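Chemist: Structure: my_file33.cif, mmCIF, C-alpha atoms.
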data_structure
#
loop_
_atom_site.label_atom_id
_atom_site.label_comp_id
_atom_site.auth_asym_id
_atom_site.auth_seq_id
_atom_site.Cartn_x
_atom_site.Cartn_y
_atom_site.Cartn_z
CA MET A 1 201.18 94.15 57.98
CA GLU A 2 197.50 94.97 57.50
CA ALA A 3 196.37 98.53 57.07
CA PRO A 4 194.02 99.82 59.78
CA LEU A 5 190.33 100.00 58.97
CA SER A 6 189.11 103.25 57.49
CA GLU A 7 186.39 105.08 59.41
CA ASP A 8 183.82 103.99 56.80
CA ASP A 9 184.88 100.34 57.09
CA ALA A 10 184.74 100.57 60.88
CA HIS A 11 181.19 101.95 60.71
CA LEU A 12 180.13 99.14 58.36
CA TRP A 13 181.56 96.47 60.64
CA ALA A 14 180.00 98.12 63.70
CA LEU A 15 176.61 98.32 61.98
CA ALA A 16 176.81 94.67 60.97
CA ALA A 17 177.87 93.57 64.45
CA VAL A 18 175.21 95.58 66.30
CA PHE A 19 172.34 94.51 64.06
CA ALA A 20 173.44 90.86 63.82
CA VAL A 21 173.29 90.61 67.61
CA LEU A 22 170.01 92.54 67.83
CA SER A 23 168.44 90.24 65.25
CA PHE A 24 168.48 87.37 67.71
CA PHE A 25 166.52 89.38 70.29
CA ALA A 26 163.88 90.76 67.91
CA ILE A 27 161.23 88.31 69.08
CA GLY A 28 157.98 89.76 67.83
CA GLY A 29 159.68 91.96 65.27
CA VAL A 30 162.06 94.89 65.12
CA ASN A 31 159.94 97.02 67.45
CA ALA A 32 160.82 94.67 70.31
CA VAL A 33 164.47 95.76 70.19
CA ILE A 34 163.95 99.49 69.73
CA PRO A 35 165.24 100.31 73.26
CA GLU A 36 168.52 98.48 72.66
CA MET A 37 168.74 99.79 69.11
CA HIS A 38 168.31 103.31 70.51
CA ARG A 39 170.95 102.68 73.19
CA GLN A 40 173.44 101.39 70.64
CA ALA A 41 172.83 104.12 68.04
CA VAL A 42 172.69 107.03 70.48
CA ASP A 43 174.57 106.18 73.67
CA VAL A 44 177.14 103.55 72.72
CA GLN A 45 178.09 104.20 69.08
CA HIS A 46 177.13 107.92 69.04
CA TRP A 47 175.86 107.61 65.49
CA MET A 48 173.01 110.08 66.06
CA THR A 49 171.02 112.02 68.62
CA SER A 50 168.00 110.66 70.40
CA GLN A 51 165.80 113.06 68.45
CA ARG A 52 167.26 111.89 65.12
CA PHE A 53 166.65 108.26 66.10
CA THR A 54 163.03 109.09 66.91
CA ASP A 55 162.68 110.91 63.58
CA LEU A 56 163.99 107.89 61.67
CA PHE A 57 161.64 105.61 63.58
CA ALA A 58 158.70 107.88 62.73
CA ILE A 59 159.67 107.91 59.05
CA ALA A 60 159.92 104.11 59.05
CA GLN A 61 156.48 103.78 60.66
CA ALA A 62 154.91 106.23 58.21
CA ALA A 63 156.38 104.46 55.18
CA PRO A 64 154.53 101.50 53.71
CA GLY A 65 156.22 98.18 54.26
CA PRO A 66 157.75 96.25 57.13
CA ASN A 67 158.96 97.79 60.39
CA ILE A 68 162.52 96.77 59.57
CA ILE A 69 162.81 99.92 57.46
CA VAL A 70 164.07 101.67 60.60
CA VAL A 71 167.18 99.47 60.49
CA THR A 72 167.81 100.42 56.86
CA LEU A 73 167.38 104.12 57.68
CA ILE A 74 169.83 103.92 60.57
CA GLY A 75 172.36 102.19 58.33
CA TRP A 76 171.83 104.87 55.66
CA GLU A 77 172.30 107.63 58.24
CA VAL A 78 175.57 106.12 59.45
CA ALA A 79 177.23 104.98 56.23
CA GLY A 80 175.08 105.68 53.19
CA ILE A 81 173.92 102.92 50.87
CA LEU A 82 176.52 100.41 52.06
CA GLY A 83 175.47 101.10 55.64
CA ALA A 84 171.82 100.55 54.73
CA LEU A 85 172.69 97.22 53.10
CA ALA A 86 175.01 96.12 55.92
CA ALA A 87 172.50 96.92 58.66
CA THR A 88 169.55 95.36 56.85
CA LEU A 89 171.37 92.16 55.87
CA ALA A 90 172.81 91.79 59.38
CA MET A 91 169.34 92.17 60.87
CA ILE A 92 167.63 89.62 58.61
CA GLY A 93 170.38 87.18 57.63
CA PRO A 94 171.26 85.35 60.86
CA THR A 95 167.69 85.07 62.09
CA SER A 96 166.41 83.90 58.72
CA VAL A 97 168.73 80.91 58.90
CA LEU A 98 167.85 80.32 62.56
CA ALA A 99 164.11 80.60 61.85
CA TYR A 100 164.38 78.06 59.07
CA LEU A 101 166.21 75.57 61.29
CA VAL A 102 163.98 76.10 64.32
CA GLY A 103 160.85 76.01 62.17
CA ARG A 104 161.68 72.50 61.03
CA VAL A 105 162.04 71.29 64.64
CA TRP A 106 159.13 73.42 65.90
CA HIS A 107 156.65 71.80 63.54
CA ARG A 108 157.87 68.30 64.31
CA PHE A 109 157.31 68.79 68.06
CA ARG A 110 154.09 70.80 67.86
CA GLU A 111 152.40 68.67 70.55
CA ALA A 112 155.37 68.55 72.95
CA ARG A 113 154.83 70.15 76.37
CA TRP A 114 158.17 71.99 76.25
CA ARG A 115 157.18 73.62 72.95
CA VAL A 116 153.82 74.79 74.31
CA ALA A 117 155.54 76.13 77.45
CA ILE A 118 158.08 78.10 75.40
CA GLN A 119 155.38 79.52 73.16
CA ASN A 120 153.28 80.57 76.17
CA GLY A 121 156.30 82.25 77.78
CA VAL A 122 157.43 84.14 74.70
CA THR A 123 154.10 85.92 74.20
CA PRO A 124 154.13 88.07 77.38
CA MET A 125 157.85 88.70 76.96
CA THR A 126 157.24 90.06 73.47
CA ILE A 127 154.50 92.36 74.72
CA GLY A 128 156.87 93.65 77.40
CA LEU A 129 159.62 94.32 74.87
CA VAL A 130 157.25 96.24 72.61
CA ALA A 131 155.98 98.25 75.62
CA ALA A 132 159.59 99.10 76.52
CA SER A 133 160.07 100.31 72.95
CA ALA A 134 157.07 102.62 73.27
CA TYR A 135 158.50 104.02 76.50
CA VAL A 136 161.95 104.75 75.00
CA LEU A 137 160.47 106.43 71.93
CA SER A 138 158.00 108.50 73.92
CA ARG A 139 160.79 109.79 76.17
CA ALA A 140 162.66 111.10 73.13
CA ALA A 141 159.55 112.53 71.45
CA ASP A 142 157.80 114.04 74.48
CA THR A 143 159.57 117.38 74.62
CA GLY A 144 156.91 119.30 76.57
CA LEU A 145 153.70 119.02 78.54
CA VAL A 146 151.45 119.10 75.48
CA ALA A 147 153.45 116.29 73.83
CA VAL A 148 153.36 114.20 77.01
CA ALA A 149 149.61 114.77 77.33
CA LEU A 150 149.04 113.78 73.69
CA THR A 151 151.10 110.60 74.17
CA LEU A 152 149.24 109.60 77.33
CA VAL A 153 145.78 110.36 75.90
CA THR A 154 146.63 108.51 72.69
CA ALA A 155 147.86 105.41 74.54
CA PHE A 156 144.86 105.43 76.87
CA VAL A 157 142.17 105.95 74.22
CA LEU A 158 143.69 103.52 71.71
CA THR A 159 143.98 100.86 74.40
CA LEU A 160 140.32 101.15 75.34
CA THR A 161 138.62 101.89 72.01
CA ARG A 162 138.78 101.03 68.34
CA LEU A 163 139.28 104.65 67.31
CA HIS A 164 141.52 104.93 64.28
CA PRO A 165 145.11 106.07 65.12
CA PHE A 166 144.92 108.58 62.27
CA VAL A 167 142.83 110.81 64.56
CA PHE A 168 145.81 111.17 66.88
CA LEU A 169 148.28 111.56 64.03
CA ALA A 170 146.16 114.44 62.75
CA ALA A 171 145.92 115.94 66.26
CA GLY A 172 149.69 115.75 66.63
CA ALA A 173 150.18 117.38 63.23
CA LEU A 174 147.78 120.19 64.12
CA LEU A 175 149.42 120.77 67.50
CA GLY A 176 152.83 120.78 65.83
CA ALA A 177 151.68 123.21 63.14
CA ALA A 178 150.28 125.48 65.85
CA GLY A 179 153.67 125.44 67.57
CA LEU A 180 152.37 123.73 70.69
CA ILE A 181 154.59 120.69 70.32
#
Show me, as structure tokens, the structure contained in the file I just sent.
Modeler:
Amino acid sequence: MEAPLSEDDAHLWALAAVFAVLSFFAIGGVNAVIPEMHRQAVDVQHWMTSQRFTDLFAIAQAAPGPNIIVVTLIGWEVAGILGALAATLAMIGPTSVLAYLVGRVWHRFREARWRVAIQNGVTPMTIGLVAASAYVLSRAADTGLVAVALTLVTAFVLTLTRLHPFVFLAAGALLGAAGLI
């Protein structure tokens, strides 16, 4: 008779399962699945609070390197170094194999109408998924009127201008230091 899984083993398997599934929906990158990642980590698995999830996302965005760092940080938060490895490998492993296989077919049929139609359909879907991610993260981060106003002004101005985002990061830091956020 097999011994039941320890709590650590259960967390590792859960991390691997959640991120392996999410990897197939990360069209456009990890940021496209942030809403579902948030739902799984906060509401379903209860690994962390919404605020902690937002903090980990912010750390991942501030760190140099790929956006997938958020996955590694979530894994670390849940189960230490093994959790970080399990989550990261589950997020990149299955889709790396799939991307390799699809890439071979994709190139061969580059002029096919079905390929062009799929590519044209995936682009707006990816933009929608990333916009949903921004919405979920802003809900967790916007804890008061000043924070909501900063989020809305930032989104509006950055959409319409080429102003560097650092201006708004500095404004947020100053408002936070002043105790307004």
Chemist: Quick one: pull the distance between atom CA of Ile34 of chain A and atom CA of Val130 of chain A, Å, one decimal.
Modeler: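 Distance reported for this atom pair: 8.0 Å.
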Chemist: May I have a table of the residues of segment 113-161 of chain A lying at most 9 Å from segment 21-30 of chain A, giving each one's closest pair of atoms and their distance in Å to one decimal, counting all atoms listed in the file, ordered by chain and ascending residue number, as JSON lines?
Modeler:
{"residue": "A:Val122", "atom": "CA", "partner": "A:Ile27", "partner_atom": "CA", "distance": 8.0}
{"residue": "A:Thr123", "atom": "CA", "partner": "A:Gly28", "partner_atom": "CA", "distance": 8.4}
{"residue": "A:Met125", "atom": "CA", "partner": "A:Ile27", "partner_atom": "CA", "distance": 8.6}
{"residue": "A:Thr126", "atom": "CA", "partner": "A:Gly28", "partner_atom": "CA", "distance": 5.7}
{"residue": "A:Ile127", "atom": "CA", "partner": "A:Gly28", "partner_atom": "CA", "distance": 8.1}
{"residue": "A:Leu129", "atom": "CA", "partner": "A:Ile27", "partner_atom": "CA", "distance": 8.5}
{"residue": "A:Val130", "atom": "CA", "partner": "A:Gly28", "partner_atom": "CA", "distance": 8.1}
Chemist: Restricting the calculation to all atoms listed in the file: of A:Leu174, A:Leu101, A:Ile81, A:Val70, which residue gets closest to Met37 of chain A?
Modeler: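 With all atoms listed in the file as the atom set, the closest residue is A:Val70.
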Chemist: I'd like the interatomic distance between atom CA of Arg104 of chain A and atom CA of Gly65 of chain A, to a tenth of an Å.
Modeler: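 Going from atom CA of Arg104 of chain A over to atom CA of Gly65 of chain A, I get 27.1 Å.
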Chemist: Find the residue from A:His11, A:Thr54, A:Val148, A:Ser6 that sits nearest to Val136 of chain A; use all atoms listed in the file when measuring.
Modeler: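 Counting all atoms listed in the file, the residue closest to Val136 of chain A is A:Thr54.
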Chemist: Check which residues satisfy the PyMOL selection byres ((chain A and resi 151) around 12) in the file shown, then give them as a VMD selection string.
Modeler: chain A and resid 134 to 135 137 to 150 152 to 158 165 168 to 169 171 to 172 181
Chemist: Regenerate segment 97-128 of chain A at the level of N, CA and C atoms and dump it as a PDB file, in the coordinates of the input.
Modeler:
ATOM      1  N   VAL A  97     168.175  82.273  58.843  1.00  0.00           N
ATOM      2  CA  VAL A  97     168.730  80.910  58.900  1.00  0.00           C
ATOM      3  C   VAL A  97     168.249  80.204  60.167  1.00  0.00           C
ATOM      4  N   LEU A  98     168.306  80.911  61.299  1.00  0.00           N
ATOM      5  CA  LEU A  98     167.850  80.320  62.560  1.00  0.00           C
ATOM      6  C   LEU A  98     166.363  79.973  62.496  1.00  0.00           C
ATOM      7  N   ALA A  99     165.551  80.864  61.944  1.00  0.00           N
ATOM      8  CA  ALA A  99     164.110  80.600  61.850  1.00  0.00           C
ATOM      9  C   ALA A  99     163.823  79.379  60.987  1.00  0.00           C
ATOM     10  N   TYR A 100     164.567  79.231  59.929  1.00  0.00           N
ATOM     11  CA  TYR A 100     164.380  78.060  59.070  1.00  0.00           C
ATOM     12  C   TYR A 100     164.687  76.775  59.841  1.00  0.00           C
ATOM     13  N   LEU A 101     165.811  76.773  60.549  1.00  0.00           N
ATOM     14  CA  LEU A 101     166.210  75.570  61.290  1.00  0.00           C
ATOM     15  C   LEU A 101     165.249  75.279  62.442  1.00  0.00           C
ATOM     16  N   VAL A 102     164.897  76.301  63.198  1.00  0.00           N
ATOM     17  CA  VAL A 102     163.980  76.100  64.320  1.00  0.00           C
ATOM     18  C   VAL A 102     162.594  75.721  63.813  1.00  0.00           C
ATOM     19  N   GLY A 103     162.166  76.318  62.719  1.00  0.00           N
ATOM     20  CA  GLY A 103     160.850  76.010  62.170  1.00  0.00           C
ATOM     21  C   GLY A 103     160.693  74.537  61.842  1.00  0.00           C
ATOM     22  N   ARG A 104     161.744  73.933  61.356  1.00  0.00           N
ATOM     23  CA  ARG A 104     161.680  72.500  61.030  1.00  0.00           C
ATOM     24  C   ARG A 104     161.458  71.676  62.306  1.00  0.00           C
ATOM     25  N   VAL A 105     162.176  72.002  63.365  1.00  0.00           N
ATOM     26  CA  VAL A 105     162.040  71.290  64.640  1.00  0.00           C
ATOM     27  C   VAL A 105     160.708  71.645  65.297  1.00  0.00           C
ATOM     28  N   TRP A 106     160.347  72.911  65.247  1.00  0.00           N
ATOM     29  CA  TRP A 106     159.130  73.420  65.900  1.00  0.00           C
ATOM     30  C   TRP A 106     157.894  72.674  65.407  1.00  0.00           C
ATOM     31  N   HIS A 107     157.807  72.488  64.110  1.00  0.00           N
ATOM     32  CA  HIS A 107     156.650  71.800  63.540  1.00  0.00           C
ATOM     33  C   HIS A 107     156.633  70.325  63.958  1.00  0.00           C
ATOM     34  N   ARG A 108     157.789  69.719  63.972  1.00  0.00           N
ATOM     35  CA  ARG A 108     157.870  68.300  64.310  1.00  0.00           C
ATOM     36  C   ARG A 108     157.421  68.022  65.746  1.00  0.00           C
ATOM     37  N   PHE A 109     157.656  68.980  66.647  1.00  0.00           N
ATOM     38  CA  PHE A 109     157.310  68.790  68.060  1.00  0.00           C
ATOM     39  C   PHE A 109     156.126  69.664  68.486  1.00  0.00           C
ATOM     40  N   ARG A 110     155.186  69.878  67.583  1.00  0.00           N
ATOM     41  CA  ARG A 110     154.090  70.800  67.860  1.00  0.00           C
ATOM     42  C   ARG A 110     153.229  70.384  69.048  1.00  0.00           C
ATOM     43  N   GLU A 111     153.205  69.130  69.419  1.00  0.00           N
ATOM     44  CA  GLU A 111     152.400  68.670  70.550  1.00  0.00           C
ATOM     45  C   GLU A 111     153.218  68.525  71.835  1.00  0.00           C
ATOM     46  N   ALA A 112     154.510  68.736  71.773  1.00  0.00           N
ATOM     47  CA  ALA A 112     155.370  68.550  72.950  1.00  0.00           C
ATOM     48  C   ALA A 112     155.079  69.618  74.009  1.00  0.00           C
ATOM     49  N   ARG A 113     155.119  69.209  75.279  1.00  0.00           N
ATOM     50  CA  ARG A 113     154.830  70.150  76.370  1.00  0.00           C
ATOM     51  C   ARG A 113     155.871  71.258  76.437  1.00  0.00           C
ATOM     52  N   TRP A 114     157.129  70.950  76.186  1.00  0.00           N
ATOM     53  CA  TRP A 114     158.170  71.990  76.250  1.00  0.00           C
ATOM     54  C   TRP A 114     157.939  73.059  75.197  1.00  0.00           C
ATOM     55  N   ARG A 115     157.441  72.643  74.020  1.00  0.00           N
ATOM     56  CA  ARG A 115     157.180  73.620  72.950  1.00  0.00           C
ATOM     57  C   ARG A 115     156.037  74.539  73.335  1.00  0.00           C
ATOM     58  N   VAL A 116     154.960  73.986  73.884  1.00  0.00           N
ATOM     59  CA  VAL A 116     153.820  74.790  74.310  1.00  0.00           C
ATOM     60  C   VAL A 116     154.239  75.753  75.419  1.00  0.00           C
ATOM     61  N   ALA A 117     155.070  75.282  76.351  1.00  0.00           N
ATOM     62  CA  ALA A 117     155.540  76.130  77.450  1.00  0.00           C
ATOM     63  C   ALA A 117     156.382  77.299  76.927  1.00  0.00           C
ATOM     64  N   ILE A 118     157.260  77.025  75.982  1.00  0.00           N
ATOM     65  CA  ILE A 118     158.080  78.100  75.400  1.00  0.00           C
ATOM     66  C   ILE A 118     157.197  79.110  74.689  1.00  0.00           C
ATOM     67  N   GLN A 119     156.264  78.621  73.900  1.00  0.00           N
ATOM     68  CA  GLN A 119     155.380  79.520  73.160  1.00  0.00           C
ATOM     69  C   GLN A 119     154.552  80.383  74.109  1.00  0.00           C
ATOM     70  N   ASN A 120     154.058  79.804  75.196  1.00  0.00           N
ATOM     71  CA  ASN A 120     153.280  80.570  76.170  1.00  0.00           C
ATOM     72  C   ASN A 120     154.133  81.588  76.911  1.00  0.00           C
ATOM     73  N   GLY A 121     155.412  81.306  77.095  1.00  0.00           N
ATOM     74  CA  GLY A 121     156.300  82.250  77.780  1.00  0.00           C
ATOM     75  C   GLY A 121     156.786  83.377  76.900  1.00  0.00           C
ATOM     76  N   VAL A 122     156.925  83.123  75.613  1.00  0.00           N
ATOM     77  CA  VAL A 122     157.430  84.140  74.700  1.00  0.00           C
ATOM     78  C   VAL A 122     156.405  85.250  74.450  1.00  0.00           C
ATOM     79  N   THR A 123     155.140  84.926  74.489  1.00  0.00           N
ATOM     80  CA  THR A 123     154.100  85.920  74.200  1.00  0.00           C
ATOM     81  C   THR A 123     154.134  87.105  75.168  1.00  0.00           C
ATOM     82  N   PRO A 124     154.084  86.904  76.482  1.00  0.00           N
ATOM     83  CA  PRO A 124     154.130  88.070  77.380  1.00  0.00           C
ATOM     84  C   PRO A 124     155.474  88.802  77.323  1.00  0.00           C
ATOM     85  N   MET A 125     156.543  88.061  77.082  1.00  0.00           N
ATOM     86  CA  MET A 125     157.850  88.700  76.960  1.00  0.00           C
ATOM     87  C   MET A 125     157.867  89.644  75.760  1.00  0.00           C
ATOM     88  N   THR A 126     157.299  89.217  74.664  1.00  0.00           N
ATOM     89  CA  THR A 126     157.240  90.060  73.470  1.00  0.00           C
ATOM     90  C   THR A 126     156.426  91.318  73.724  1.00  0.00           C
ATOM     91  N   ILE A 127     155.316  91.184  74.397  1.00  0.00           N
ATOM     92  CA  ILE A 127     154.500  92.360  74.720  1.00  0.00           C
ATOM     93  C   ILE A 127     155.296  93.320  75.594  1.00  0.00           C
ATOM     94  N   GLY A 128     156.039  92.800  76.549  1.00  0.00           N
ATOM     95  CA  GLY A 128     156.870  93.650  77.400  1.00  0.00           C
ATOM     96  C   GLY A 128     157.959  94.368  76.622  1.00  0.00           C
TER      97      GLY A 128
END
